[in-house]
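> The structure file coords-v1.tsv (TSV, C-alpha atoms) is provided below.
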```tsv
chain	number	residue	atom	x	y	z
A	5	MET	CA	28.04	-80.22	28.94
A	6	ALA	CA	26.97	-78.89	32.31
A	7	VAL	CA	25.33	-75.50	32.01
A	8	SER	CA	23.48	-73.65	34.73
A	9	PRO	CA	19.85	-72.56	34.19
A	10	GLY	CA	21.07	-69.00	33.42
A	11	GLY	CA	23.24	-70.21	30.55
A	12	VAL	CA	26.53	-69.97	32.50
A	13	PRO	CA	28.90	-72.95	32.21
A	14	ASP	CA	29.29	-74.97	35.37
A	15	PRO	CA	32.02	-73.29	37.50
A	16	ASP	CA	33.81	-76.58	38.09
A	17	LEU	CA	33.79	-77.35	34.38
A	18	LEU	CA	35.11	-73.89	33.56
A	19	ALA	CA	37.83	-74.26	36.18
A	20	ARG	CA	38.99	-77.55	34.61
A	21	ALA	CA	38.73	-76.40	30.99
A	22	ARG	CA	41.93	-76.19	28.99
A	23	LEU	CA	42.61	-72.91	27.24
A	24	LEU	CA	43.09	-73.13	23.48
A	25	THR	CA	43.96	-70.20	21.22
A	26	ALA	CA	43.99	-69.89	17.43
A	27	PRO	CA	47.51	-69.99	15.92
A	28	SER	CA	46.77	-66.70	14.15
A	29	LEU	CA	46.56	-64.77	17.45
A	30	ASP	CA	49.47	-62.46	18.22
A	31	ALA	CA	51.75	-63.71	20.96
A	32	SER	CA	51.13	-60.63	23.10
A	33	LEU	CA	47.38	-61.23	22.96
A	34	VAL	CA	47.84	-64.86	23.96
A	35	ARG	CA	49.93	-63.78	26.94
A	36	GLU	CA	47.20	-61.37	28.02
A	37	VAL	CA	44.55	-64.10	27.76
A	38	GLU	CA	46.81	-66.32	29.88
A	39	ARG	CA	47.16	-63.55	32.44
A	40	ILE	CA	43.38	-63.05	32.63
A	41	THR	CA	42.59	-66.74	33.08
A	42	GLY	CA	45.63	-67.69	35.13
A	43	ARG	CA	46.28	-70.72	32.96
A	44	ARG	CA	48.62	-71.59	30.11
A	45	ALA	CA	47.30	-71.47	26.55
A	46	GLU	CA	47.75	-74.23	24.00
A	47	PRO	CA	47.44	-73.69	20.23
A	48	MET	CA	44.34	-75.07	18.54
A	49	GLY	CA	45.34	-78.01	16.37
A	50	SER	CA	43.54	-80.30	13.97
A	51	ALA	CA	41.60	-82.08	16.71
A	52	PRO	CA	40.15	-80.91	20.04
A	53	PRO	CA	41.38	-82.27	23.37
A	54	ASP	CA	39.49	-85.06	25.09
A	55	GLY	CA	38.38	-82.99	28.07
A	56	PRO	CA	36.51	-79.72	28.51
A	57	HIS	CA	38.09	-76.70	26.82
A	58	LEU	CA	37.54	-73.06	26.04
A	59	CYS	CA	38.78	-71.40	22.86
A	60	VAL	CA	39.69	-67.93	21.65
A	61	GLY	CA	39.75	-67.45	17.90
A	62	ALA	CA	37.90	-66.54	14.73
A	63	ALA	CA	36.79	-69.92	13.37
A	64	LEU	CA	35.61	-73.22	14.79
A	65	PRO	CA	36.36	-76.25	12.57
A	66	ASP	CA	33.74	-78.98	12.40
A	67	ALA	CA	35.97	-81.34	14.40
A	68	TRP	CA	35.80	-78.93	17.32
A	69	ARG	CA	32.01	-78.72	17.41
A	70	THR	CA	31.58	-81.27	20.19
A	71	GLY	CA	30.00	-81.42	23.61
A	72	ARG	CA	33.43	-80.89	25.17
A	73	LEU	CA	33.47	-77.23	24.15
A	74	VAL	CA	32.64	-75.11	27.18
A	75	TRP	CA	33.08	-71.63	25.74
A	76	PHE	CA	34.24	-70.03	22.51
A	77	HIS	CA	35.20	-66.35	22.50
A	78	SER	CA	35.19	-64.86	19.00
A	79	VAL	CA	37.81	-62.25	18.18
A	80	ASN	CA	35.26	-60.73	15.79
A	81	ALA	CA	31.94	-58.97	16.35
A	82	GLY	CA	30.13	-60.87	13.61
A	83	THR	CA	29.44	-64.51	14.40
A	84	ASP	CA	27.47	-65.59	11.31
A	85	ALA	CA	30.41	-67.65	9.99
A	86	LEU	CA	30.72	-69.44	13.33
A	87	LEU	CA	26.99	-70.23	13.33
A	88	SER	CA	26.87	-71.39	9.71
A	89	GLY	CA	27.19	-74.93	11.06
A	90	PRO	CA	25.54	-76.67	14.03
A	91	TRP	CA	26.57	-75.12	17.33
A	92	PRO	CA	27.45	-77.54	20.16
A	93	ALA	CA	24.55	-77.79	22.57
A	94	GLY	CA	25.17	-75.83	25.75
A	95	ALA	CA	28.42	-74.23	24.61
A	96	LEU	CA	28.70	-70.53	25.36
A	97	LEU	CA	29.55	-68.16	22.50
A	98	THR	CA	30.77	-64.63	23.20
A	99	ARG	CA	32.08	-61.99	20.83
A	100	THR	CA	34.41	-59.01	20.66
A	101	VAL	CA	32.91	-55.57	20.16
A	102	GLY	CA	35.48	-53.35	21.85
A	103	ARG	CA	35.51	-49.85	20.37
A	104	MET	CA	34.08	-51.07	17.09
A	105	GLY	CA	30.91	-49.01	17.52
A	106	GLU	CA	33.01	-45.87	17.92
A	107	ARG	CA	35.13	-46.69	14.87
A	108	ILE	CA	32.15	-47.50	12.68
A	109	ALA	CA	30.27	-44.41	13.84
A	110	GLN	CA	33.21	-42.23	12.82
A	111	TYR	CA	33.35	-44.02	9.46
A	112	VAL	CA	29.67	-43.31	8.79
A	113	LEU	CA	29.95	-39.70	9.92
A	114	ALA	CA	33.02	-39.19	7.72
A	115	TRP	CA	31.15	-40.28	4.61
A	116	VAL	CA	28.05	-38.28	5.54
A	117	LEU	CA	30.06	-35.08	5.95
A	118	ALA	CA	32.21	-35.79	2.88
A	119	GLU	CA	29.06	-36.04	0.83
A	120	CYS	CA	27.63	-32.83	2.31
A	121	GLN	CA	30.88	-31.03	1.42
A	122	SER	CA	31.01	-32.51	-2.13
A	123	VAL	CA	34.33	-34.24	-1.42
A	124	PRO	CA	33.83	-36.92	-4.13
A	125	GLU	CA	32.97	-34.25	-6.70
A	126	PHE	CA	35.88	-31.99	-5.72
A	127	THR	CA	38.24	-34.99	-5.87
A	128	ALA	CA	37.07	-35.76	-9.40
A	129	GLN	CA	37.42	-32.09	-10.39
A	130	HIS	CA	40.97	-32.00	-9.02
A	131	ALA	CA	41.89	-35.01	-11.19
A	132	ARG	CA	40.62	-33.04	-14.22
A	133	ALA	CA	42.34	-29.79	-13.13
A	134	GLU	CA	38.89	-28.20	-13.19
A	135	TRP	CA	37.98	-25.09	-11.14
A	136	ARG	CA	34.27	-24.98	-10.37
A	137	ARG	CA	32.51	-23.97	-7.19
A	138	LEU	CA	30.12	-26.52	-5.73
A	139	PRO	CA	27.49	-25.83	-3.07
A	140	SER	CA	27.69	-27.52	0.32
A	141	GLU	CA	24.78	-29.25	2.03
A	142	LEU	CA	23.91	-28.98	5.72
A	143	ALA	CA	23.60	-32.30	7.54
A	144	ALA	CA	21.60	-30.82	10.42
A	145	GLY	CA	17.86	-31.25	10.10
A	146	GLN	CA	18.08	-34.21	7.74
A	147	THR	CA	17.17	-37.80	8.56
A	148	ALA	CA	19.30	-40.93	8.87
A	149	LEU	CA	17.44	-44.23	8.92
A	150	ILE	CA	19.60	-46.73	10.83
A	151	TYR	CA	18.86	-50.44	10.61
A	152	GLY	CA	20.05	-52.18	13.76
A	153	THR	CA	19.68	-50.58	17.19
A	154	GLY	CA	22.30	-52.55	19.09
A	155	ARG	CA	25.68	-51.30	20.23
A	156	ILE	CA	26.97	-50.42	16.77
A	157	GLY	CA	23.73	-48.88	15.48
A	158	ALA	CA	23.38	-46.86	18.68
A	159	ALA	CA	26.94	-45.55	18.39
A	160	VAL	CA	26.27	-44.46	14.81
A	161	ALA	CA	23.02	-42.79	15.83
A	162	GLY	CA	24.64	-40.96	18.73
A	163	LEU	CA	27.40	-39.45	16.61
A	164	LEU	CA	25.07	-38.44	13.78
A	165	ARG	CA	22.60	-36.95	16.23
A	166	GLY	CA	25.40	-34.82	17.62
A	167	CYS	CA	25.55	-33.15	14.21
A	168	GLY	CA	21.87	-32.31	14.31
A	169	ILE	CA	20.80	-35.24	12.15
A	170	ARG	CA	17.44	-36.78	13.03
A	171	THR	CA	18.03	-40.47	13.78
A	172	VAL	CA	15.34	-43.09	13.20
A	173	GLY	CA	16.21	-46.63	14.18
A	174	VAL	CA	14.73	-49.76	12.63
A	175	ALA	CA	14.40	-52.84	14.85
A	176	ARG	CA	12.33	-56.01	14.69
A	177	THR	CA	9.54	-54.15	16.47
A	178	ALA	CA	8.87	-50.50	17.29
A	179	ARG	CA	9.86	-49.18	20.71
A	180	ALA	CA	7.89	-46.65	22.70
A	181	VAL	CA	11.10	-45.52	24.43
A	182	PRO	CA	14.00	-45.40	21.95
A	183	PRO	CA	17.53	-46.34	23.06
A	184	PRO	CA	20.03	-43.51	23.60
A	185	GLY	CA	21.04	-41.86	20.33
A	186	PHE	CA	17.75	-42.43	18.54
A	187	ASP	CA	14.90	-39.96	18.14
A	188	ARG	CA	12.54	-42.87	17.57
A	189	VAL	CA	12.58	-46.57	16.65
A	190	ILE	CA	10.16	-48.16	14.19
A	191	GLY	CA	9.52	-51.79	13.29
A	192	ALA	CA	11.07	-53.34	10.19
A	193	GLY	CA	7.63	-53.96	8.74
A	194	GLU	CA	6.72	-50.26	8.77
A	195	ASP	CA	9.80	-48.74	7.17
A	196	SER	CA	8.56	-47.85	3.68
A	197	GLY	CA	7.47	-44.33	4.63
A	198	ALA	CA	10.72	-43.70	6.51
A	199	LEU	CA	12.76	-44.89	3.52
A	200	ALA	CA	11.03	-42.30	1.35
A	201	THR	CA	12.02	-39.41	3.63
A	202	ALA	CA	15.54	-40.48	4.66
A	203	ARG	CA	18.64	-38.70	3.36
A	204	TRP	CA	20.89	-41.54	4.52
A	205	VAL	CA	20.03	-45.22	4.97
A	206	VAL	CA	22.59	-46.98	7.15
A	207	SER	CA	22.64	-50.72	7.68
A	208	ALA	CA	24.29	-52.15	10.78
A	209	LEU	CA	22.37	-55.43	10.54
A	210	PRO	CA	23.92	-58.78	11.47
A	211	LEU	CA	23.52	-61.68	9.05
A	212	THR	CA	20.80	-64.12	10.12
A	213	GLY	CA	18.17	-66.14	8.34
A	214	ALA	CA	15.80	-63.19	8.74
A	215	THR	CA	18.20	-60.55	7.37
A	216	GLU	CA	19.71	-62.34	4.37
A	217	GLY	CA	18.69	-60.35	1.28
A	218	PHE	CA	16.83	-57.91	3.56
A	219	PHE	CA	17.60	-54.95	1.32
A	220	GLY	CA	15.95	-56.08	-1.89
A	221	ALA	CA	13.96	-54.61	-4.74
A	222	ASN	CA	10.98	-53.56	-2.61
A	223	ARG	CA	13.00	-51.63	-0.05
A	224	PHE	CA	15.23	-49.94	-2.61
A	225	ALA	CA	12.16	-48.98	-4.64
A	226	ALA	CA	10.86	-47.09	-1.60
A	227	VAL	CA	14.02	-44.95	-1.40
A	228	ARG	CA	13.78	-41.42	-2.78
A	229	GLY	CA	17.33	-40.20	-3.33
A	230	ALA	CA	18.99	-41.42	-0.12
A	231	THR	CA	22.59	-42.55	0.11
A	232	PHE	CA	22.94	-46.18	1.23
A	233	VAL	CA	25.76	-47.06	3.65
A	234	ASN	CA	26.35	-50.69	4.63
A	235	VAL	CA	28.52	-51.36	7.68
A	236	GLY	CA	26.69	-54.55	8.68
A	237	ARG	CA	26.94	-57.68	6.56
A	238	GLY	CA	27.20	-57.89	2.78
A	239	ALA	CA	24.70	-60.71	2.32
A	240	THR	CA	21.91	-58.57	3.80
A	241	VAL	CA	21.88	-56.74	0.44
A	242	ASP	CA	20.59	-57.96	-2.92
A	243	MET	CA	23.37	-56.49	-5.06
A	244	GLY	CA	21.32	-56.73	-8.25
A	245	ALA	CA	18.51	-54.72	-6.66
A	246	LEU	CA	21.03	-52.13	-5.40
A	247	GLU	CA	22.51	-51.78	-8.87
A	248	THR	CA	19.06	-51.19	-10.35
A	249	ALA	CA	18.31	-48.55	-7.70
A	250	LEU	CA	21.62	-46.79	-8.35
A	251	ARG	CA	21.05	-46.75	-12.10
A	252	ASP	CA	17.49	-45.46	-11.87
A	253	GLY	CA	18.53	-42.83	-9.30
A	254	SER	CA	16.35	-43.88	-6.38
A	255	VAL	CA	19.60	-44.50	-4.47
A	256	ARG	CA	21.84	-41.45	-4.80
A	257	ARG	CA	25.09	-43.09	-3.82
A	258	ALA	CA	26.34	-46.23	-2.07
A	259	VAL	CA	29.17	-46.70	0.42
A	260	LEU	CA	29.80	-50.40	0.97
A	261	ASP	CA	32.22	-51.60	3.60
A	262	VAL	CA	30.98	-55.17	3.22
A	263	LEU	CA	30.02	-57.41	0.31
A	264	PRO	CA	28.24	-60.78	-0.04
A	265	GLY	CA	31.51	-62.33	-1.19
A	266	GLU	CA	34.83	-61.09	0.15
A	267	PRO	CA	37.35	-60.23	-1.05
A	268	ALA	CA	35.86	-59.04	-4.31
A	269	ALA	CA	37.86	-60.10	-7.35
A	270	PRO	CA	39.07	-57.36	-9.73
A	271	GLY	CA	36.49	-58.43	-12.30
A	272	ASP	CA	33.57	-58.45	-9.86
A	273	ARG	CA	30.56	-56.44	-11.00
A	274	CYS	CA	30.54	-54.52	-7.69
A	275	TRP	CA	33.53	-52.42	-8.85
A	276	ARG	CA	31.46	-51.07	-11.73
A	277	LEU	CA	28.46	-49.92	-9.71
A	278	PRO	CA	27.77	-46.24	-10.42
A	279	ARG	CA	28.41	-43.66	-7.68
A	280	THR	CA	29.69	-46.35	-5.31
A	281	VAL	CA	32.71	-46.60	-3.03
A	282	ILE	CA	33.87	-49.94	-1.58
A	283	THR	CA	36.14	-49.86	1.46
A	284	SER	CA	37.19	-53.50	1.87
A	285	HIS	CA	35.64	-54.33	5.28
A	286	SER	CA	37.73	-51.70	7.07
A	287	ALA	CA	35.18	-49.59	8.98
A	288	GLY	CA	35.59	-51.35	12.31
A	289	ILE	CA	38.77	-53.40	12.32
A	290	THR	CA	39.16	-55.12	15.69
A	291	ALA	CA	42.35	-54.38	17.63
A	292	ASP	CA	44.05	-56.88	19.94
A	293	GLU	CA	43.31	-54.64	22.93
A	294	ASP	CA	39.59	-54.91	22.07
A	295	VAL	CA	39.82	-58.71	22.16
A	296	ALA	CA	41.69	-58.71	25.46
A	297	THR	CA	39.33	-56.21	27.09
A	298	ASP	CA	36.15	-57.99	26.01
A	299	PHE	CA	37.50	-61.45	26.82
A	300	GLY	CA	38.41	-60.15	30.26
A	301	THR	CA	34.93	-58.71	30.74
A	302	CYS	CA	33.35	-62.04	29.81
A	303	TRP	CA	35.72	-63.90	32.11
A	304	GLY	CA	34.81	-61.59	34.98
A	305	ASP	CA	31.09	-62.07	34.34
A	306	LEU	CA	31.48	-65.84	34.35
A	307	ARG	CA	33.52	-65.81	37.56
A	308	GLU	CA	30.64	-63.88	39.15
A	309	GLY	CA	28.09	-66.40	37.85
A	310	ARG	CA	26.57	-64.00	35.31
A	311	VAL	CA	25.77	-64.52	31.65
A	312	PRO	CA	28.35	-62.35	29.87
A	313	ARG	CA	27.05	-59.12	28.42
A	314	LEU	CA	28.73	-60.08	25.16
A	315	ALA	CA	27.07	-63.50	24.94
A	316	VAL	CA	25.53	-64.41	21.57
A	317	ASP	CA	22.02	-65.83	21.35
A	318	VAL	CA	22.88	-68.68	19.00
A	319	GLY	CA	19.21	-69.08	18.07
A	320	ARG	CA	18.95	-65.50	16.81
A	321	GLY	CA	22.50	-65.35	15.53
A	322	TYR	CA	23.57	-62.21	17.42
```
Do you think you could lay out the structure here as structure tokens?


Amino acid sequence: MAVSPGGVPDPDLLARARLLTAPSLDASLVREVERITGRRAEPMGSAPPDGPHLCVGAALPDAWRTGRLVWFHSVNAGTDALLSGPWPAGALLTRTVGRMGERIAQYVLAWVLAECQSVPEFTAQHARAEWRRLPSELAAGQTALIYGTGRIGAAVAGLLRGCGIRTVGVARTARAVPPPGFDRVIGAGEDSGALATARWVVSALPLTGATEGFFGANRFAAVRGATFVNVGRGATVDMGALETALRDGSVRRAVLDVLPGEPAAPGDRCWRLPRTVITSHSAGITADEDVATDFGTCWGDLREGRVPRLAVDVGRGY
């Protein structure tokens, strides 16, 4: 694999690479990818071609993890499944984000405001034909602690901040100048005090070796009545520790768009968690236009000799 010092595949190699697309891709998306690259797409089969190739899809079978892979563009934002096995040395990995940050931000805001307006309680009262006034809660002036300060976390922070919510980001290390949308950013090792004062704890963390089981007994024990919202990855949460926190009241409520194992079977314990709503990994569903737009952006970056803005650091996992 010929890769330039900046991590960009060799232009000649990219020019010769065959274009392979996953069979699951819609025909209109495949046509758009063909238009962007100016070459004809072939469906990914059981074995990779002999020469250099680039792929667009969601999964990379073991047989395709060879030195002949030039570039893989993921149709998803999360790449933990792709990186669960050895990644071919020198192969570029890019991902699709599209308008996912916007969608997920609206999802989080919807649940925040629904909780402030007692929507779950009014829904339950309606089912019982019960008339009882319930007080509302103002979101403005309260604090949301947002784990993950990348594109998705920043979009969530920006929308919540627009409602007057104080936004505190949590990153690997603190930042003197917070990214747009955040009032401040603290390091992950100094979050216990912030957990105690947060009204909402939102996770937008990717799944890596460092984040697996990140939300465990110690972090949930530091919470003092916050609602926990997970729009990142399910395996970042110790579900047993979350259940304990929900039952002892340190976590007020949980909204889980992701779970460690998906889909959850009807008999899974997660369905019986108190004061919890599960939304079946639907907060930021990727649309075909997102894939086409982000693939085109990456293609343009590569044609200009730049590392794509949507490139994944395979060592970090995001």

> Restricting the calculation to all atoms listed in the file, which member of A:Ala249, A:Leu113, A:Ala192, A:Val160 is positioned closest to Ala208 in chain A?

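Nearest candidate to Ala208 in chain A out of A:Ala249, A:Leu113, A:Ala192, A:Val160: A:Val160.
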
> I need the residue nearest Leu163 in chain A from this list: A:Gly300, A:Pro267, A:Pro184, A:Gly220. Use only C-alpha atoms for the distance.

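Of the candidates, the smallest distance to Leu163 in chain A is held by A:Pro184.
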
> Counting all atoms listed in the file, figure out which residue out of A:Ala144, A:Leu314, A:Ala245, A:Val112 gets nearest to Leu260 in chain A.

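Using all atoms listed in the file, the shortest distance to Leu260 in chain A belongs to A:Val112.
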
> Counting all atoms listed in the file, figure out which residue out of A:Thr25, A:Ala62, A:Val205, A:Glu36 gets nearest to Gly49 in chain A.

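Among the listed residues, the smallest separation from Gly49 in chain A belongs to A:Thr25.
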
> Pick out the closest residue to Ser88 in chain A from this set: A:Ala258, A:Ala180, A:Leu211, A:Ala202. Count only C-alpha atoms.

A:Leu211

> Point out the residue among A:Gly236, A:Pro13, A:Gly89, A:Gly105 with the least atom-to-atom distance to Leu73 in chain A, counting all atoms listed in the file.

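For Leu73 in chain A, the nearest of the given residues is A:Pro13.
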
> Can you measure CA of Ala93 in chain A to CA of Arg176 in chain A for me? One decimal in Å is fine.

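We find that CA of Ala93 in chain A and CA of Arg176 in chain A lie 26.2 Å from each other.
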
> Which polymer residues, whether protein, DNA or RNA, lie within 7 Å of the coordinate (30.1, -71.2, 35.7) when you count all atoms listed in the file? List them as a list of chain:residue names, using the chain letters and numbers from the file.

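Applying the cut-off with all atoms listed in the file, one gets A:Val12, A:Pro13, A:Asp14, A:Pro15, A:Asp16, A:Leu18, A:Leu306, A:Arg307, A:Gly309.
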
> For the residues in that selection, give me C-alpha atoms as a PDB file, in the coordinates of the input.


```pdb
ATOM      1  CA  VAL A  12      26.530 -69.970  32.500  1.00  0.00           C
ATOM      2  CA  PRO A  13      28.900 -72.950  32.210  1.00  0.00           C
ATOM      3  CA  ASP A  14      29.290 -74.970  35.370  1.00  0.00           C
ATOM      4  CA  PRO A  15      32.020 -73.290  37.500  1.00  0.00           C
ATOM      5  CA  ASP A  16      33.810 -76.580  38.090  1.00  0.00           C
ATOM      6  CA  LEU A  18      35.110 -73.890  33.560  1.00  0.00           C
ATOM      7  CA  LEU A 306      31.480 -65.840  34.350  1.00  0.00           C
ATOM      8  CA  ARG A 307      33.520 -65.810  37.560  1.00  0.00           C
ATOM      9  CA  GLY A 309      28.090 -66.400  37.850  1.00  0.00           C
TER      10      GLY A 309
END
```

> Can you pull out every residue within 9 Å of range 121-126 of chain A, counting all atoms listed in the file, but drop anything in the same chain fewer than 4 positions away, and send it as an NGL selection string?

:A and (116-117 or 130-131 or 134 or 136-142)

> Using only C-alpha atoms, which residues sit within 9 Å of Arg257 in chain A once same-chain residues fewer than 4 positions away are excluded, as an MDAnalysis selection string?

chainID A and resid 229:233 250 253 278:281

> So that I can check the surroundings of Leu29 in chain A, please list as a PyMOL selection string every protein, DNA and RNA residue that reaches within 10 Å of it, counting all atoms listed in the file and ignoring chain neighbours fewer than 6 positions away.

chain A and resi 47+60-62+79+292

> Could you take the residues named above and write them with C-alpha atoms, as a PDB file, keeping the file's coordinate frame?


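Once everything was written out, this is selection_18.pdb:
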```pdb
ATOM      1  CA  PRO A  47      47.440 -73.690  20.230  1.00  0.00           C
ATOM      2  CA  VAL A  60      39.690 -67.930  21.650  1.00  0.00           C
ATOM      3  CA  GLY A  61      39.750 -67.450  17.900  1.00  0.00           C
ATOM      4  CA  ALA A  62      37.900 -66.540  14.730  1.00  0.00           C
ATOM      5  CA  VAL A  79      37.810 -62.250  18.180  1.00  0.00           C
ATOM      6  CA  ASP A 292      44.050 -56.880  19.940  1.00  0.00           C
TER       7      ASP A 292
END
```

> Mind listing as a short mmCIF file (atom, residue, chain, number, x, y, z; two decimals) with C-alpha atoms, keeping the file's coordinate frame all residues within 9 Å of (24.7, -52.7, 18.6), counting only C-alpha atoms?


```
data_model
loop_
_atom_site.label_atom_id
_atom_site.label_comp_id
_atom_site.auth_asym_id
_atom_site.auth_seq_id
_atom_site.Cartn_x
_atom_site.Cartn_y
_atom_site.Cartn_z
CA VAL A 101 32.91 -55.57 20.16
CA GLY A 105 30.91 -49.01 17.52
CA GLY A 152 20.05 -52.18 13.76
CA THR A 153 19.68 -50.58 17.19
CA GLY A 154 22.30 -52.55 19.09
CA ARG A 155 25.68 -51.30 20.23
CA ILE A 156 26.97 -50.42 16.77
CA GLY A 157 23.73 -48.88 15.48
CA ALA A 158 23.38 -46.86 18.68
CA ALA A 159 26.94 -45.55 18.39
CA ALA A 208 24.29 -52.15 10.78
CA LEU A 209 22.37 -55.43 10.54
#
```

> Could you add N, CA and C atoms to range 96-108 of chain A and give me the result as a CSV table (one decimal), in the coordinates of the input?


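To be explicit, this is the file written out as selection-v6.csv:
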```
chain,number,residue,atom,x,y,z
A,96,LEU,N,28.9,-72.0,25.3
A,96,LEU,CA,28.7,-70.5,25.4
A,96,LEU,C,29.5,-69.9,24.2
A,97,LEU,N,28.9,-68.9,23.6
A,97,LEU,CA,29.6,-68.2,22.5
A,97,LEU,C,29.5,-66.7,22.9
A,98,THR,N,30.7,-66.1,22.9
A,98,THR,CA,30.8,-64.6,23.2
A,98,THR,C,31.5,-64.0,22.0
A,99,ARG,N,31.5,-62.7,22.0
A,99,ARG,CA,32.1,-62.0,20.8
A,99,ARG,C,32.8,-60.7,21.3
A,100,THR,N,33.6,-60.2,20.4
A,100,THR,CA,34.4,-59.0,20.7
A,100,THR,C,33.7,-57.8,20.0
A,101,VAL,N,33.4,-56.8,20.7
A,101,VAL,CA,32.9,-55.6,20.2
A,101,VAL,C,33.9,-54.4,20.4
A,102,GLY,N,34.5,-54.4,21.6
A,102,GLY,CA,35.5,-53.4,21.8
A,102,GLY,C,35.0,-51.9,21.5
A,103,ARG,N,35.8,-51.2,20.8
A,103,ARG,CA,35.5,-49.8,20.4
A,103,ARG,C,35.0,-49.8,18.9
A,104,MET,N,34.5,-51.0,18.5
A,104,MET,CA,34.1,-51.1,17.1
A,104,MET,C,32.9,-50.1,16.8
A,105,GLY,N,32.0,-49.9,17.7
A,105,GLY,CA,30.9,-49.0,17.5
A,105,GLY,C,31.4,-47.6,17.3
A,106,GLU,N,32.4,-47.2,18.1
A,106,GLU,CA,33.0,-45.9,17.9
A,106,GLU,C,33.7,-45.7,16.6
A,107,ARG,N,34.4,-46.7,16.2
A,107,ARG,CA,35.1,-46.7,14.9
A,107,ARG,C,34.1,-46.6,13.7
A,108,ILE,N,33.1,-47.5,13.8
A,108,ILE,CA,32.2,-47.5,12.7
A,108,ILE,C,31.3,-46.2,12.6
```
